[in-house]
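S.K.: Would you mind keeping the following structure in view while I ask a few things?
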Amino acid sequence: MNIETNWWKKSVVYQVYPRSFYDSNGDGIGDLQGIISKLDYLVELGVDVIWLSPIYDSPNDDNGYDIRDYQSIMDEFGSMADFDELLEAAKERNLQIIMDLVVNHTSDEHAWFVESKSSVDNPKRDFYIWAQGKNGQPPNNWGSVFGGSAWQLNDATQDYYLHLFSKKQPDLNWENDELRQSVYDMMRFWLDKGIGGFRMDVINFISKEPGLPNGAQNEGQAYGDGSPYFINGPKIHDFLQEMNQEVLSHYDVLTVGEMPGASPKEAIDYTNPENKEVNMIFTFEHMDLDSGSNGKWDLKPLNLIDLKDNLEKWQISLQDKGWNSLYWNNHDQPRIVSRFGNDGEYRVESAKMLATCLHMMQGTPYIYQGEEIGMTNVAFETIDQYKDLETLNMYHEKMEQGANHDTVMQSIYAKGRDNARTPMQWSSEKNGGFTTGTPWIEVNPRYSEINVANDLQSEQSVFAHYQQLIKLRKQLDVITIGDFKILFKDHAQLFAYERRAEKESLLVLCNFSKDEILLKEDVVKNYICNSKLISHNYPSVDLLDKIELRPYEALVFYSSASE
Ligand code: NOJ
């Protein structure tokens, strides 16, 4: 494996959700100057890449994932001059900036769509996906990810456009050569400025099955499931290879494709360097393990054995064949410490344990803002305090169907995207130090206890632990190159694995529960006696000849043939 030429294999990425990161001008909305002022904080953490969620001009139906102009900056965030300043300031600190590439869809206010919908013979007509209705009904039975039909009638032309997300996010037609070339031009515009790569939004949705067939529809369901006809569609590899050849291959950049519904086998096709597509993908499989058969809002407790099986499968399948991304959190997912950890008594220990478990695996780790201080989910009292359109659409749909208010709120508390989007908690000052104005979404009330200023003061903080894990990754090649072996596969509370390279190995032990775990003596002898403890999440560890893991305890042992 060439870790020298593939710089992103040793990198750690930090995701910034600009709206909620830091507000420099008191309007209640985070902005680019706010990010600039916090770059030194990110340097202190030790990350080397920053992924910015969309900062482009947008009407904000979906907080910037509905782009009106790919080549200008959202007013609320600043100007192109601010962006250039950010890029320069990042470069001075050896930080790369990667941008969100949202090209499955645009905003319905994008100039292309405004033209496309104006008449059937407009030159931009074919940039989007249009179809005739049938007997006054949409062209097929697909439902949108954000609720309702995936089709919207256009008055001017009396036909429908496809929108897999909100009706303000019409899907682009990747079959159109001119559209693809326009996307490539736009990508070059950003790359030529010197950005370090792209995170590609739902990029495995861009190729649709010709004919757009109806999806399977169960009785009682309002819509069919179109996903088999747009996830990993027939031309996806052609499109990605073309994008790579035309654009990406001319730059030394990091690319990560967000790919719901991609299996490890498909991930190999996407990330195997020989195929020249993307460096890595975001899988959703481990994020779906606490959902029932009715989707994300259908809550189901996590079974640790399922999580272990899943992550083991990804680690082993992609070893030497592709590359993994490693993540617990992003702007769409609830906070991991509330989800797979314990955000009460063991918040600090479990946040550190989860970090350890993930960061010692093979792949490129992603940290989502606030994860590094153990930020938790929020439970707002009323639905009006929520801002995310997915959450609001679901709530209103369920209420219309007569669902129980409290039950729906419980799902929102557990899975709603606003859990990740409350403002970054910088200090115990008003609004967590995020803004001097009124924040666009309320701050998590736990800010006086959980904030950056507190964490920076303590060597035992979650922040300090992340800092240390990042340092270890830079120091020990085994973390990047070692193979992966799961241990105690059937243990319901212990996540243990080994990483082995030619001369070095690691043993990672993570207790995912409140219970103590007694490790058997032979384990201690085989793995622990001859190695060095390099990471732990309690202030001190007493290594006797047999050890007990305390609640949410995480230990990492290192051994090297040369020591
Ligand atoms: C995935 C993004 O992560 C999410 O935030 C967004 O709503 C959808 N794609 C649509 O762009």
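Labels for the structure tokens follow display order: chains A, B, ..., residues from 1 in each chain, ligands from 1.
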Select the residues contacting ligand 1 at a distance of at most 8 Å, based on only C-alpha atoms and all ligand atoms, then format the selection as a ChimeraX atom specification.
M.R.: /A:62-63,65-66,102,104-105,165,169,201-202,258,330-332,390
S.K.: Using only C-alpha atoms, which protein or nucleic acid residues come within 9 Å of Glu502 of chain A? Drop anything in the same chain fewer than 4 positions from it, and give the result as a PyMOL selection string.
M.R.: chain A and resi 478+482+561
S.K.: Extract, using only C-alpha atoms, all DNA, RNA and protein residues at most 6 Å from segment 75-87 of chain A, discarding same-chain residues fewer than 3 positions from it, and format them as a list in words.
M.R.: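 Close residues of segment 75-87 of chain A: Asp31, Leu32, Ile36 and Ala90 of chain A.
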S.K.: Please provide the set of residues having any atom within 10 Å of Met353 of chain A, restricted to only C-alpha atoms, with same-chain residues fewer than 5 positions apart removed, written as a ChimeraX atom specification.
M.R.: /A:337,341,347-348,358-359,462,465,509-512,536-538,551-555
S.K.: As an exercise, work out the distance from atom CA of Asn324 of chain A to atom CA of Leu311 of chain A in Å and give it to one decimal place.
M.R.: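 About the pair atom CA of Asn324 of chain A and atom CA of Leu311 of chain A: they are 10.2 Å apart.
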S.K.: When you look at Val13 of chain A with a cut-off of 7 Å (counting only C-alpha atoms), what residues show up, excluding the ones that are within fewer than 6 positions of it in the same chain? I need them as a list of chain:residue names.
M.R.: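 What passes the distance filter is A:Val47, A:Asp48, A:Val49, A:Ile50, A:Trp51, A:Pro365, A:Tyr366, A:Ile367.
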S.K.: Within 7 Å of Asp225 of chain A, counting only C-alpha atoms, which residues show up once you throw out same-chain ones fewer than 2 positions away? Write them as a list in words, please.
M.R.: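 Non-adjacent residues within range: Trp142, Gly143, Gly215, Ala216, Gln217, Tyr223 and Ser227 of chain A.
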